[in-house]
Structures are given as C-alpha cells and as structure tokens.
$ cat protein.cif   # mmCIF, C-alpha atoms and all ligand atoms
data_structure
loop_
_atom_site.group_PDB
_atom_site.id
_atom_site.type_symbol
_atom_site.label_atom_id
_atom_site.label_comp_id
_atom_site.auth_asym_id
_atom_site.auth_seq_id
_atom_site.Cartn_x
_atom_site.Cartn_y
_atom_site.Cartn_z
ATOM 1 C CA MET T 21 119.071 100.340 118.895
ATOM 2 C CA LYS T 22 115.465 99.231 118.588
ATOM 3 C CA MET T 23 113.209 97.457 121.068
ATOM 4 C CA GLN T 24 109.592 96.643 121.711
ATOM 5 C CA ALA T 25 107.824 98.364 124.569
ATOM 6 C CA GLY T 26 108.460 96.526 127.803
ATOM 7 C CA THR T 27 111.929 95.156 127.065
ATOM 8 C CA VAL T 28 115.305 96.002 128.628
ATOM 9 C CA MET T 29 116.976 99.219 127.511
ATOM 10 C CA PRO T 30 120.585 99.613 126.383
ATOM 11 C CA THR T 31 122.774 101.980 128.384
ATOM 12 C CA THR T 32 125.680 102.996 126.202
ATOM 13 C CA THR T 33 124.932 105.962 123.875
ATOM 14 C CA GLU T 34 126.210 109.400 124.880
ATOM 15 C CA VAL T 35 123.926 111.875 126.582
ATOM 16 C CA PRO T 36 124.011 115.305 124.884
ATOM 17 C CA LEU T 37 125.716 117.924 127.030
ATOM 18 C CA TYR T 38 122.689 120.259 127.117
ATOM 19 C CA LEU T 39 120.639 117.445 128.680
ATOM 20 C CA SER T 40 123.192 116.515 131.330
ATOM 21 C CA GLU T 41 123.995 120.160 132.158
ATOM 22 C CA THR T 42 120.639 121.920 131.801
ATOM 23 C CA TYR T 43 117.941 119.273 132.029
ATOM 24 C CA TRP T 44 119.532 116.734 134.385
ATOM 25 C CA TRP T 45 116.808 117.451 136.943
ATOM 26 C CA ALA T 46 113.971 116.839 134.473
ATOM 27 C CA TYR T 47 115.113 113.804 132.472
ATOM 28 C CA VAL T 48 118.589 112.461 133.296
ATOM 29 C CA HIS T 49 118.595 111.998 137.071
ATOM 30 C CA PRO T 50 116.985 108.657 138.061
ATOM 31 C CA ARG T 51 114.728 110.470 140.558
ATOM 32 C CA ALA T 52 113.367 112.743 137.792
ATOM 33 C CA ILE T 53 110.864 110.149 136.653
ATOM 34 C CA HIS T 54 109.570 109.644 140.201
ATOM 35 C CA VAL T 55 108.946 113.361 140.422
ATOM 36 C CA PHE T 56 107.611 114.209 136.963
ATOM 37 C CA GLU T 57 105.764 111.099 135.830
ATOM 38 C CA ARG T 58 102.387 112.277 137.109
ATOM 39 C CA GLN T 59 99.581 113.260 134.785
ATOM 40 C CA TRP T 60 98.404 116.108 137.049
ATOM 41 C CA LEU T 61 101.936 117.535 137.204
ATOM 42 C CA VAL T 62 102.571 117.594 133.450
ATOM 43 C CA ASN T 63 99.167 119.193 133.112
ATOM 44 C CA ALA T 64 100.036 121.787 135.760
ATOM 45 C CA ILE T 65 103.394 122.567 134.073
ATOM 46 C CA LEU T 66 101.416 123.453 130.950
ATOM 47 C CA TRP T 67 98.914 125.525 132.978
ATOM 48 C CA GLY T 68 96.183 122.898 132.543
ATOM 49 C CA GLN T 69 96.627 122.749 128.753
ATOM 50 C CA PHE T 70 98.366 119.366 128.373
ATOM 51 C CA GLY T 71 95.221 117.383 127.474
ATOM 52 C CA ARG T 72 94.004 120.007 125.053
ATOM 53 C CA LEU T 73 97.344 120.353 123.254
ATOM 54 C CA ARG T 74 97.870 116.566 123.206
ATOM 55 C CA ASP T 75 94.453 116.002 121.611
ATOM 56 C CA LEU T 76 94.937 118.820 119.100
ATOM 57 C CA ALA T 77 98.280 117.308 118.077
ATOM 58 C CA LEU T 78 96.767 113.835 117.715
ATOM 59 C CA ASP T 79 93.869 115.253 115.664
ATOM 60 C CA ALA T 80 96.344 117.039 113.389
ATOM 61 C CA LEU T 81 98.480 113.945 112.766
ATOM 62 C CA GLY T 82 95.746 112.264 110.679
ATOM 63 C CA LEU T 83 95.956 108.998 112.613
ATOM 64 C CA GLU T 84 92.729 107.691 111.055
ATOM 65 C CA ALA T 85 94.707 106.712 107.955
ATOM 66 C CA PRO T 86 96.938 103.647 108.472
ATOM 67 C CA GLY T 87 100.640 104.366 108.251
ATOM 68 C CA ARG T 88 103.993 104.735 109.980
ATOM 69 C CA THR T 89 104.193 107.319 112.762
ATOM 70 C CA LEU T 90 107.362 108.702 114.333
ATOM 71 C CA GLN T 91 107.247 110.310 117.777
ATOM 72 C CA VAL T 92 110.439 112.264 118.275
ATOM 73 C CA ALA T 93 111.234 112.029 122.027
ATOM 74 C CA CYS T 94 109.350 110.550 124.966
ATOM 75 C CA VAL T 95 106.887 112.681 126.885
ATOM 76 C CA TYR T 96 105.774 112.421 130.499
ATOM 77 C CA GLY T 97 102.076 111.627 130.807
ATOM 78 C CA ASN T 98 99.821 109.702 128.475
ATOM 79 C CA LEU T 99 100.550 111.156 125.025
ATOM 80 C CA THR T 100 101.986 107.940 123.536
ATOM 81 C CA ALA T 101 99.275 105.719 125.035
ATOM 82 C CA LYS T 102 96.582 107.998 123.556
ATOM 83 C CA LEU T 103 98.373 108.054 120.210
ATOM 84 C CA LEU T 104 98.436 104.254 120.096
ATOM 85 C CA LYS T 105 94.722 104.087 120.973
ATOM 86 C CA ARG T 106 93.860 106.365 118.069
ATOM 87 C CA ALA T 107 96.099 104.711 115.474
ATOM 88 C CA ALA T 108 94.239 103.010 112.623
ATOM 89 C CA PRO T 109 94.598 99.221 112.316
ATOM 90 C CA GLY T 110 97.742 98.277 110.417
ATOM 91 C CA SER T 111 99.652 101.330 111.650
ATOM 92 C CA SER T 112 103.020 101.343 113.405
ATOM 93 C CA LEU T 113 104.655 103.682 115.897
ATOM 94 C CA ASP T 114 108.365 104.341 116.426
ATOM 95 C CA VAL T 115 109.398 106.484 119.409
ATOM 96 C CA VAL T 116 112.964 107.761 119.573
ATOM 97 C CA ASP T 117 114.694 109.208 122.593
ATOM 98 C CA VAL T 118 118.332 109.680 123.496
ATOM 99 C CA LEU T 119 117.915 108.610 127.142
ATOM 100 C CA PRO T 120 117.474 104.897 127.967
ATOM 101 C CA LEU T 121 115.885 105.905 131.258
ATOM 102 C CA GLN T 122 113.103 107.750 129.465
ATOM 103 C CA LEU T 123 112.536 104.895 126.996
ATOM 104 C CA ALA T 124 112.376 102.440 129.905
ATOM 105 C CA ASN T 125 109.830 104.675 131.593
ATOM 106 C CA LEU T 126 107.735 104.819 128.434
ATOM 107 C CA ALA T 127 107.926 101.038 128.088
ATOM 108 C CA ARG T 128 106.586 100.721 131.634
ATOM 109 C CA LYS T 129 103.630 102.931 130.772
ATOM 110 C CA LEU T 130 102.630 100.944 127.673
ATOM 111 C CA PRO T 131 101.141 97.473 127.517
ATOM 112 C CA ALA T 132 103.813 94.880 126.640
ATOM 113 C CA ASP T 133 101.913 94.073 123.431
ATOM 114 C CA SER T 134 101.499 97.716 122.352
ATOM 115 C CA GLY T 135 103.662 97.060 119.299
ATOM 116 C CA ALA T 136 105.440 100.425 119.664
ATOM 117 C CA ASN T 137 109.131 100.369 118.743
ATOM 118 C CA LEU T 138 111.220 102.287 121.265
ATOM 119 C CA ILE T 139 114.461 103.344 119.645
ATOM 120 C CA ARG T 140 117.450 104.930 121.295
ATOM 121 C CA CYS T 141 118.949 107.614 119.102
ATOM 122 C CA ASP T 142 119.679 111.315 118.989
ATOM 123 C CA ALA T 143 116.891 113.191 117.204
ATOM 124 C CA SER T 144 119.459 115.460 115.577
ATOM 125 C CA ALA T 145 121.202 112.504 113.939
ATOM 126 C CA MET T 146 118.374 110.123 113.030
ATOM 127 C CA GLU T 147 119.487 107.561 110.491
ATOM 128 C CA PHE T 148 116.070 106.444 109.289
ATOM 129 C CA GLU T 149 115.506 106.173 105.548
ATOM 130 C CA SER T 150 114.295 109.327 103.865
ATOM 131 C CA ALA T 151 110.542 109.521 103.177
ATOM 132 C CA SER T 152 109.875 106.411 105.260
ATOM 133 C CA TYR T 153 107.192 107.767 107.646
ATOM 134 C CA ASP T 154 103.686 109.047 106.994
ATOM 135 C CA ARG T 155 103.773 111.483 109.899
ATOM 136 C CA ALA T 156 105.926 112.694 112.768
ATOM 137 C CA LEU T 157 105.287 114.483 116.051
ATOM 138 C CA LEU T 158 107.562 116.824 118.005
ATOM 139 C CA PHE T 159 105.773 117.656 121.276
ATOM 140 C CA PHE T 160 107.534 120.259 123.443
ATOM 141 C CA LEU T 161 110.970 119.124 122.308
ATOM 142 C CA LEU T 162 112.407 121.988 120.249
ATOM 143 C CA HIS T 163 112.438 124.569 123.068
ATOM 144 C CA GLU T 164 114.768 122.330 125.071
ATOM 145 C CA MET T 165 117.409 122.192 122.363
ATOM 146 C CA PRO T 166 120.308 124.498 121.523
ATOM 147 C CA GLU T 167 119.861 126.043 118.097
ATOM 148 C CA ASP T 168 122.174 123.728 116.128
ATOM 149 C CA VAL T 169 120.519 120.616 117.612
ATOM 150 C CA ARG T 170 117.062 122.092 116.963
ATOM 151 C CA LYS T 171 117.904 122.811 113.317
ATOM 152 C CA ALA T 172 119.269 119.325 112.748
ATOM 153 C CA THR T 173 116.260 117.719 114.470
ATOM 154 C CA ILE T 174 113.829 119.652 112.262
ATOM 155 C CA ALA T 175 115.851 118.801 109.142
ATOM 156 C CA HIS T 176 115.886 115.072 109.931
ATOM 157 C CA THR T 177 112.203 115.033 110.811
ATOM 158 C CA LEU T 178 111.248 116.719 107.525
ATOM 159 C CA ARG T 179 113.578 114.363 105.648
ATOM 160 C CA VAL T 180 112.139 111.127 107.028
ATOM 161 C CA VAL T 181 108.478 112.028 106.355
ATOM 162 C CA LYS T 182 107.107 111.234 102.887
ATOM 163 C CA PRO T 183 106.028 113.980 100.503
ATOM 164 C CA GLY T 184 102.393 114.697 101.349
ATOM 165 C CA GLY T 185 102.927 113.407 104.912
ATOM 166 C CA ARG T 186 102.556 115.525 108.023
ATOM 167 C CA VAL T 187 104.873 116.891 110.671
ATOM 168 C CA VAL T 188 103.121 118.273 113.759
ATOM 169 C CA ILE T 189 105.049 120.501 116.149
ATOM 170 C CA VAL T 190 103.632 121.699 119.475
ATOM 171 C CA ASP T 191 105.749 124.033 121.574
ATOM 172 C CA TYR T 192 106.080 127.361 123.344
ATOM 173 C CA HIS T 193 105.363 130.659 121.598
ATOM 174 C CA ARG T 194 105.733 134.296 122.617
ATOM 175 C CA PRO T 195 102.451 135.244 124.281
ATOM 176 C CA SER T 196 100.793 138.602 124.023
ATOM 177 C CA LYS T 197 102.121 141.081 126.599
ATOM 178 C CA LEU T 198 98.531 141.297 127.872
ATOM 179 C CA ASN T 199 98.650 137.620 128.780
ATOM 180 C CA PRO T 200 98.908 137.504 132.603
ATOM 181 C CA LEU T 201 101.393 134.627 132.177
ATOM 182 C CA PHE T 202 103.813 136.726 130.088
ATOM 183 C CA VAL T 203 105.956 137.844 133.039
ATOM 184 C CA PRO T 204 105.875 134.607 135.071
ATOM 185 C CA MET T 205 106.654 132.523 131.974
ATOM 186 C CA ALA T 206 109.485 134.832 130.937
ATOM 187 C CA GLY T 207 110.985 134.268 134.405
ATOM 188 C CA ILE T 208 110.415 130.504 134.409
ATOM 189 C CA LEU T 209 111.921 130.030 130.954
ATOM 190 C CA HIS T 210 114.840 132.315 131.762
ATOM 191 C CA THR T 211 115.605 130.370 134.948
ATOM 192 C CA LEU T 212 114.936 126.784 133.921
ATOM 193 C CA GLU T 213 114.796 126.581 130.120
ATOM 194 C CA PRO T 214 117.594 128.691 128.642
ATOM 195 C CA PHE T 215 116.972 127.737 125.006
ATOM 196 C CA ALA T 216 113.207 128.253 125.108
ATOM 197 C CA HIS T 217 113.336 132.021 124.560
ATOM 198 C CA ASP T 218 114.490 131.290 121.008
ATOM 199 C CA LEU T 219 110.899 130.271 120.287
ATOM 200 C CA TRP T 220 109.680 133.622 121.596
ATOM 201 C CA ARG T 221 112.071 135.434 119.276
ATOM 202 C CA ARG T 222 111.736 133.540 116.046
ATOM 203 C CA GLU T 223 109.278 131.529 113.990
ATOM 204 C CA ILE T 224 109.977 127.782 113.999
ATOM 205 C CA THR T 225 109.938 127.877 110.187
ATOM 206 C CA GLY T 226 113.087 130.053 110.472
ATOM 207 C CA TRP T 227 114.994 126.886 111.435
ATOM 208 C CA PHE T 228 113.788 124.875 108.428
ATOM 209 C CA PRO T 229 116.631 123.903 106.066
ATOM 210 C CA ALA T 230 117.009 126.507 103.312
ATOM 211 C CA ASP T 231 116.948 123.882 100.561
ATOM 212 C CA VAL T 232 113.723 122.185 101.698
ATOM 213 C CA LYS T 233 110.393 123.337 100.313
ATOM 214 C CA VAL T 234 107.331 122.209 102.226
ATOM 215 C CA ALA T 235 103.866 122.089 100.662
ATOM 216 C CA GLY T 236 102.216 123.972 103.515
ATOM 217 C CA VAL T 237 102.504 125.210 107.075
ATOM 218 C CA GLN T 238 99.496 125.991 109.210
ATOM 219 C CA LYS T 239 100.288 127.759 112.464
ATOM 220 C CA THR T 240 97.786 128.187 115.300
ATOM 221 C CA THR T 241 98.442 129.686 118.716
ATOM 222 C CA TYR T 242 96.676 128.813 121.952
ATOM 223 C CA PHE T 243 96.183 130.087 125.486
ATOM 224 C CA GLY T 244 96.800 133.756 124.775
ATOM 225 C CA GLY T 245 99.644 132.869 122.408
ATOM 226 C CA LEU T 246 101.739 130.961 124.974
ATOM 227 C CA TYR T 247 101.631 127.783 122.889
ATOM 228 C CA GLN T 248 101.736 127.090 119.173
ATOM 229 C CA MET T 249 101.021 124.209 116.877
ATOM 230 C CA LEU T 250 102.481 123.908 113.402
ATOM 231 C CA VAL T 251 100.928 121.436 110.992
ATOM 232 C CA ILE T 252 103.370 120.991 108.169
ATOM 233 C CA THR T 253 102.556 119.179 104.945
ATOM 234 C CA VAL T 254 105.830 117.894 103.601
HETATM 235 C C1 LIG U 301 109.795 115.726 124.501
HETATM 236 S S1 LIG U 301 110.834 116.537 125.538
HETATM 237 C C2 LIG U 301 109.771 117.343 126.656
HETATM 238 C C3 LIG U 301 108.382 116.901 126.772
HETATM 239 C C4 LIG U 301 107.576 117.373 127.907
HETATM 240 N N1 LIG U 301 108.151 118.520 128.585
HETATM 241 C C5 LIG U 301 107.300 116.253 128.883
HETATM 242 O O1 LIG U 301 106.431 116.424 129.674
HETATM 243 O O2 LIG U 301 107.876 115.214 128.842
HETATM 244 C C6 LIG U 301 111.636 115.480 126.661
HETATM 245 C C7 LIG U 301 112.368 114.316 126.073
HETATM 246 O O3 LIG U 301 113.209 114.712 125.021
HETATM 247 C C8 LIG U 301 114.334 113.889 125.041
HETATM 248 N N2 LIG U 301 115.386 114.495 124.231
HETATM 249 C C9 LIG U 301 116.006 115.682 124.429
HETATM 250 N N3 LIG U 301 116.943 115.903 123.487
HETATM 251 C C10 LIG U 301 116.914 114.824 122.658
HETATM 252 C C11 LIG U 301 117.622 114.462 121.481
HETATM 253 N N4 LIG U 301 118.590 115.249 120.991
HETATM 254 N N5 LIG U 301 117.339 113.298 120.899
HETATM 255 C C12 LIG U 301 116.357 112.494 121.380
HETATM 256 N N6 LIG U 301 115.658 112.778 122.497
HETATM 257 C C13 LIG U 301 115.924 113.932 123.131
HETATM 258 C C14 LIG U 301 114.665 113.765 126.506
HETATM 259 O O4 LIG U 301 115.480 112.650 126.767
HETATM 260 C C15 LIG U 301 113.257 113.632 127.107
HETATM 261 O O5 LIG U 301 112.868 112.307 127.251
#
$ encode --input "protein.cif" --output "structure tokens"
Amino acid sequence: MKMQAGTVMPTTTEVPLYLSETYWWAYVHPRAIHVFERQWLVNAILWGQFGRLRDLALDALGLEAPGRTLQVACVYGNLTAKLLKRAAPGSSLDVVDVLPLQLANLARKLPADSGANLIRCDASAMEFESASYDRALLFFLLHEMPEDVRKATIAHTLRVVKPGGRVVIVDYHRPSKLNPLFVPMAGILHTLEPFAHDLWRREITGWFPADVKVAGVQKTTYFGGLYQMLVITV
C-alpha cells in the first residue's frame, strides 16, 4: 500500500508480534506518539547523539547524487525531513513502515507536497524489485527485531539496492567496558529492548545472507563504542 505524505493511512496489515508484545509502549499504542514525538526526547534517548548520528548517516548515503532512496522504517524526530532537504533535485524517497500509526505521524511531520511515498509493509518481506534503489537507510531498526526478522530485513535491503549503491546502517554497538554508559545501557537494553543485546554480541555483517557478496563494508563506532555506522557498498 503506497501513499503520498499527508494522505489517509490504511489500517489492515498485521502488526508483528514482537512489536505488539515488546514495543507496544514505543510505537503501537496511540499515546506513544504523543509521548515520544519530541526532538529533545529522541535526542536524550540517544544521550544527545541523535543529531550527530542522523547527519553522519545522511552524509554517508551520498544524497548529492540524484536517485531513489529507501528509508526502512519511520523514525521519531526530524530524520526524514532532513533527508528530503538534502536530496538532490530529481530524487525520490520511499519510506516503509509496518504501522499505519507511524506512517500517519510521519505524514503529519512532512509538508503535503514533500513527494515522499509512505508505504505500509513489513521490512522483512519487502516486495520491491531487486536492484531498484540507489541507496537505503536503516536507522536504529535492527536492534528492535528478533534475529529471523533482522536477517530477512537485511537480506531484502541488500537485494533492493543496485550494485554499486549504498546501504547505511546506524544502530547500537557494544561499548568499551570503560565507557561510563556500559552498565546503565546494559540494564536499559536488558529491561526494555530484549533483542538489542544481539548487536553487542555479534557483528551486523554476521546476519548478511551467506550467498550475497558486497563490494565493501566500512564500520565506524561512536560515543565510546555505544553506536555504530556501517556503510555498505552493494
Ligand atoms: C526505526 S525504528 C526505531 C527508531 C528510533 N528508535 C526512533 O526514534 O524512532 C522504529 C520503527 O520501526 C518500525 N518497524 C519495526 N519493525 C518493523 C518491520 N518489521 N517492518 C517495518 N517497520 C518496522 C516501527 O513501526 C517503528 O515505526
């Protein structure tokens, strides 16, 4: 189901169980948006690093070249608006999310003539044509997913980006034990984000499909290793 920013959202597709059971408070409950849709709060949740990580991700996407961009999942705050501002003339943006509520919220945040296509679908079952995008962004999505969903989401994202195109992933990473946030973050993730510890245990490339060869992966960590960005050339 595809729509322009600012139009009415459909309400029929299933909500994955891990979202309704684990993340109902953050994304599924109608009050969630009233609570979390505040720039200062998303910044605080990322210990003041939201703006920095957002801008690094946008820099890495290569938006100065016109092309088709895929944002996999909505994000609270102004990531999509900033992405649209930086897109070269003649570019397009598709944003997928499995929750109509989140797509409706994103539509509200964007100008009605933004041109962004907001598409309801499950990231782990995207049906877009292979090699049809120039770049894709996964911003703090993978840590929220159970392993099988994460693997399928990565596989589909790599599949739909053209050879030579870029996939940018920003997410949690195991910090150094000397990082003063090591213990508090271990507790927060353990309590609220049960799948996130996977990213502390394993490299994201470990979930790439075995039969897919990528041309390059550049990994950088930030904030004492608490966050990572992967820039993948497909
Ligand atoms: C990008 S992630 C988290 C981003 C960040 N924590 C924030 O501030 O918004 C949150 C979004 O992922 C979406 N999402 C989770 N699992 C999904 C899936 N399997 N397919 C598509 N969207 C999904 C949720 O509906 C939610 O809108």
$ residues_near_ligand --input "protein.cif" --ligand "ligand LIG 301 (chain U)" --cutoff "7 Å" --atoms "only C-alpha atoms and all ligand atoms" --output "list in words"
Pro36, Leu39, Tyr47, Val62, Val92, Ala93, Cys94, Val95, Tyr96, Gly97, Val116, Asp117, Val118, Leu119, Gln122, Cys141, Asp142, Ala143, Ser144, Leu158, Phe159, Phe160, Leu161, Glu164, Met165 and Val169 of chain T
$ residues_around --input "protein.cif" --residues "T:Arg194" --least-positions-apart "6" --cutoff "7 Å" --atoms "all atoms listed in the file" --output "ChimeraX atom specification"
/T:219-220,245-246
$ atom_distance --input "protein.cif" --atom1 "atom CA of T:Gly244" --atom2 "atom CA of T:Glu223"
16.6 Å
$ atom_distance --input "protein.cif" --atom1 "atom CA of T:Pro229" --atom2 "atom CA of T:Ile174"
8.0 Å
$ residues_around --input "protein.cif" --residues "stretch 207-216 of chain T" --least-positions-apart "2" --cutoff "6 Å" --atoms "only C-alpha atoms" --output "list in words"
His163, Glu164, Pro166, Pro204, Met205, Asp218 and Leu219 of chain T
$ resolve_selection --input "protein.cif" --expression "the PyMOL selection byres (((chain T and resi 187) around 9) and not hetatm)" --output "VMD selection string"
chain T and resid 80 to 81 154 to 158 177 to 178 181 185 to 186 188 to 189 250 to 254
$ closest_residue --input "protein.cif" --among "T:Leu126, T:Ala151, T:Val180, T:Val115" --to "T:Gln91" --atoms "only C-alpha atoms"
T:Val115
$ closest_residue --input "protein.cif" --among "T:Ile53, T:Leu99, T:Ala175, T:Ala64" --to "T:Ala230" --atoms "all atoms listed in the file"
T:Ala175
$ closest_residue --input "protein.cif" --among "T:Arg72, T:Arg140, T:His54, T:Arg106" --to "T:Glu34" --atoms "all atoms listed in the file"
T:Arg140
$ build_atoms --input "protein.cif" --residues "stretch 202-230 of chain T" --atoms "N, CA and C atoms" --output "PDB file, keeping the file's coordinate frame"
ATOM      1  N   PHE T 202     102.619 136.252 130.810  1.00  0.00           N
ATOM      2  CA  PHE T 202     103.813 136.726 130.088  1.00  0.00           C
ATOM      3  C   PHE T 202     105.006 136.863 131.043  1.00  0.00           C
ATOM      4  N   VAL T 203     104.819 137.583 132.137  1.00  0.00           N
ATOM      5  CA  VAL T 203     105.956 137.844 133.039  1.00  0.00           C
ATOM      6  C   VAL T 203     106.378 136.570 133.789  1.00  0.00           C
ATOM      7  N   PRO T 204     105.419 135.841 134.411  1.00  0.00           N
ATOM      8  CA  PRO T 204     105.875 134.607 135.071  1.00  0.00           C
ATOM      9  C   PRO T 204     106.563 133.625 134.127  1.00  0.00           C
ATOM     10  N   MET T 205     106.033 133.488 132.899  1.00  0.00           N
ATOM     11  CA  MET T 205     106.654 132.523 131.974  1.00  0.00           C
ATOM     12  C   MET T 205     108.027 133.007 131.509  1.00  0.00           C
ATOM     13  N   ALA T 206     108.165 134.308 131.327  1.00  0.00           N
ATOM     14  CA  ALA T 206     109.485 134.832 130.937  1.00  0.00           C
ATOM     15  C   ALA T 206     110.495 134.467 132.032  1.00  0.00           C
ATOM     16  N   GLY T 207     110.097 134.595 133.285  1.00  0.00           N
ATOM     17  CA  GLY T 207     110.985 134.268 134.405  1.00  0.00           C
ATOM     18  C   GLY T 207     111.281 132.775 134.487  1.00  0.00           C
ATOM     19  N   ILE T 208     110.238 131.969 134.316  1.00  0.00           N
ATOM     20  CA  ILE T 208     110.415 130.504 134.409  1.00  0.00           C
ATOM     21  C   ILE T 208     111.350 130.022 133.298  1.00  0.00           C
ATOM     22  N   LEU T 209     111.087 130.494 132.077  1.00  0.00           N
ATOM     23  CA  LEU T 209     111.921 130.030 130.954  1.00  0.00           C
ATOM     24  C   LEU T 209     113.355 130.522 131.119  1.00  0.00           C
ATOM     25  N   HIS T 210     113.496 131.764 131.573  1.00  0.00           N
ATOM     26  CA  HIS T 210     114.840 132.315 131.762  1.00  0.00           C
ATOM     27  C   HIS T 210     115.623 131.498 132.796  1.00  0.00           C
ATOM     28  N   THR T 211     114.928 131.079 133.859  1.00  0.00           N
ATOM     29  CA  THR T 211     115.605 130.370 134.948  1.00  0.00           C
ATOM     30  C   THR T 211     115.868 128.906 134.609  1.00  0.00           C
ATOM     31  N   LEU T 212     114.850 128.249 134.046  1.00  0.00           N
ATOM     32  CA  LEU T 212     114.936 126.784 133.921  1.00  0.00           C
ATOM     33  C   LEU T 212     115.168 126.283 132.495  1.00  0.00           C
ATOM     34  N   GLU T 213     114.781 127.087 131.499  1.00  0.00           N
ATOM     35  CA  GLU T 213     114.796 126.581 130.120  1.00  0.00           C
ATOM     36  C   GLU T 213     115.518 127.587 129.218  1.00  0.00           C
ATOM     37  N   PRO T 214     116.837 127.615 129.287  1.00  0.00           N
ATOM     38  CA  PRO T 214     117.594 128.691 128.642  1.00  0.00           C
ATOM     39  C   PRO T 214     117.463 128.771 127.129  1.00  0.00           C
ATOM     40  N   PHE T 215     117.079 127.689 126.476  1.00  0.00           N
ATOM     41  CA  PHE T 215     116.972 127.737 125.006  1.00  0.00           C
ATOM     42  C   PHE T 215     115.559 128.113 124.542  1.00  0.00           C
ATOM     43  N   ALA T 216     114.618 128.104 125.485  1.00  0.00           N
ATOM     44  CA  ALA T 216     113.207 128.253 125.108  1.00  0.00           C
ATOM     45  C   ALA T 216     112.877 129.645 124.581  1.00  0.00           C
ATOM     46  N   HIS T 217     113.628 130.662 125.023  1.00  0.00           N
ATOM     47  CA  HIS T 217     113.336 132.021 124.560  1.00  0.00           C
ATOM     48  C   HIS T 217     113.537 132.164 123.065  1.00  0.00           C
ATOM     49  N   ASP T 218     114.333 131.274 122.476  1.00  0.00           N
ATOM     50  CA  ASP T 218     114.490 131.290 121.008  1.00  0.00           C
ATOM     51  C   ASP T 218     113.122 131.222 120.324  1.00  0.00           C
ATOM     52  N   LEU T 219     112.205 130.446 120.919  1.00  0.00           N
ATOM     53  CA  LEU T 219     110.899 130.271 120.287  1.00  0.00           C
ATOM     54  C   LEU T 219     109.999 131.487 120.498  1.00  0.00           C
ATOM     55  N   TRP T 220     110.399 132.350 121.416  1.00  0.00           N
ATOM     56  CA  TRP T 220     109.680 133.622 121.596  1.00  0.00           C
ATOM     57  C   TRP T 220     110.188 134.649 120.590  1.00  0.00           C
ATOM     58  N   ARG T 221     111.424 134.433 120.128  1.00  0.00           N
ATOM     59  CA  ARG T 221     112.071 135.434 119.276  1.00  0.00           C
ATOM     60  C   ARG T 221     111.879 135.176 117.800  1.00  0.00           C
ATOM     61  N   ARG T 222     111.652 133.911 117.455  1.00  0.00           N
ATOM     62  CA  ARG T 222     111.736 133.540 116.046  1.00  0.00           C
ATOM     63  C   ARG T 222     110.666 132.500 115.706  1.00  0.00           C
ATOM     64  N   GLU T 223     110.221 132.550 114.459  1.00  0.00           N
ATOM     65  CA  GLU T 223     109.278 131.529 113.990  1.00  0.00           C
ATOM     66  C   GLU T 223     110.023 130.195 113.830  1.00  0.00           C
ATOM     67  N   ILE T 224     109.353 129.111 114.146  1.00  0.00           N
ATOM     68  CA  ILE T 224     109.977 127.782 113.999  1.00  0.00           C
ATOM     69  C   ILE T 224     110.384 127.541 112.537  1.00  0.00           C
ATOM     70  N   THR T 225     109.594 128.068 111.610  1.00  0.00           N
ATOM     71  CA  THR T 225     109.938 127.877 110.187  1.00  0.00           C
ATOM     72  C   THR T 225     111.306 128.500 109.851  1.00  0.00           C
ATOM     73  N   GLY T 226     111.764 129.441 110.679  1.00  0.00           N
ATOM     74  CA  GLY T 226     113.087 130.053 110.472  1.00  0.00           C
ATOM     75  C   GLY T 226     114.226 129.062 110.638  1.00  0.00           C
ATOM     76  N   TRP T 227     113.950 127.912 111.265  1.00  0.00           N
ATOM     77  CA  TRP T 227     114.994 126.886 111.435  1.00  0.00           C
ATOM     78  C   TRP T 227     114.862 125.757 110.405  1.00  0.00           C
ATOM     79  N   PHE T 228     113.904 125.897 109.475  1.00  0.00           N
ATOM     80  CA  PHE T 228     113.788 124.875 108.428  1.00  0.00           C
ATOM     81  C   PHE T 228     115.031 124.962 107.528  1.00  0.00           C
ATOM     82  N   PRO T 229     115.483 123.842 106.977  1.00  0.00           N
ATOM     83  CA  PRO T 229     116.631 123.903 106.066  1.00  0.00           C
ATOM     84  C   PRO T 229     116.290 124.754 104.845  1.00  0.00           C
ATOM     85  N   ALA T 230     117.259 125.568 104.413  1.00  0.00           N
ATOM     86  CA  ALA T 230     117.009 126.507 103.312  1.00  0.00           C
ATOM     87  C   ALA T 230     116.641 125.780 102.018  1.00  0.00           C
TER      88      ALA T 230
END
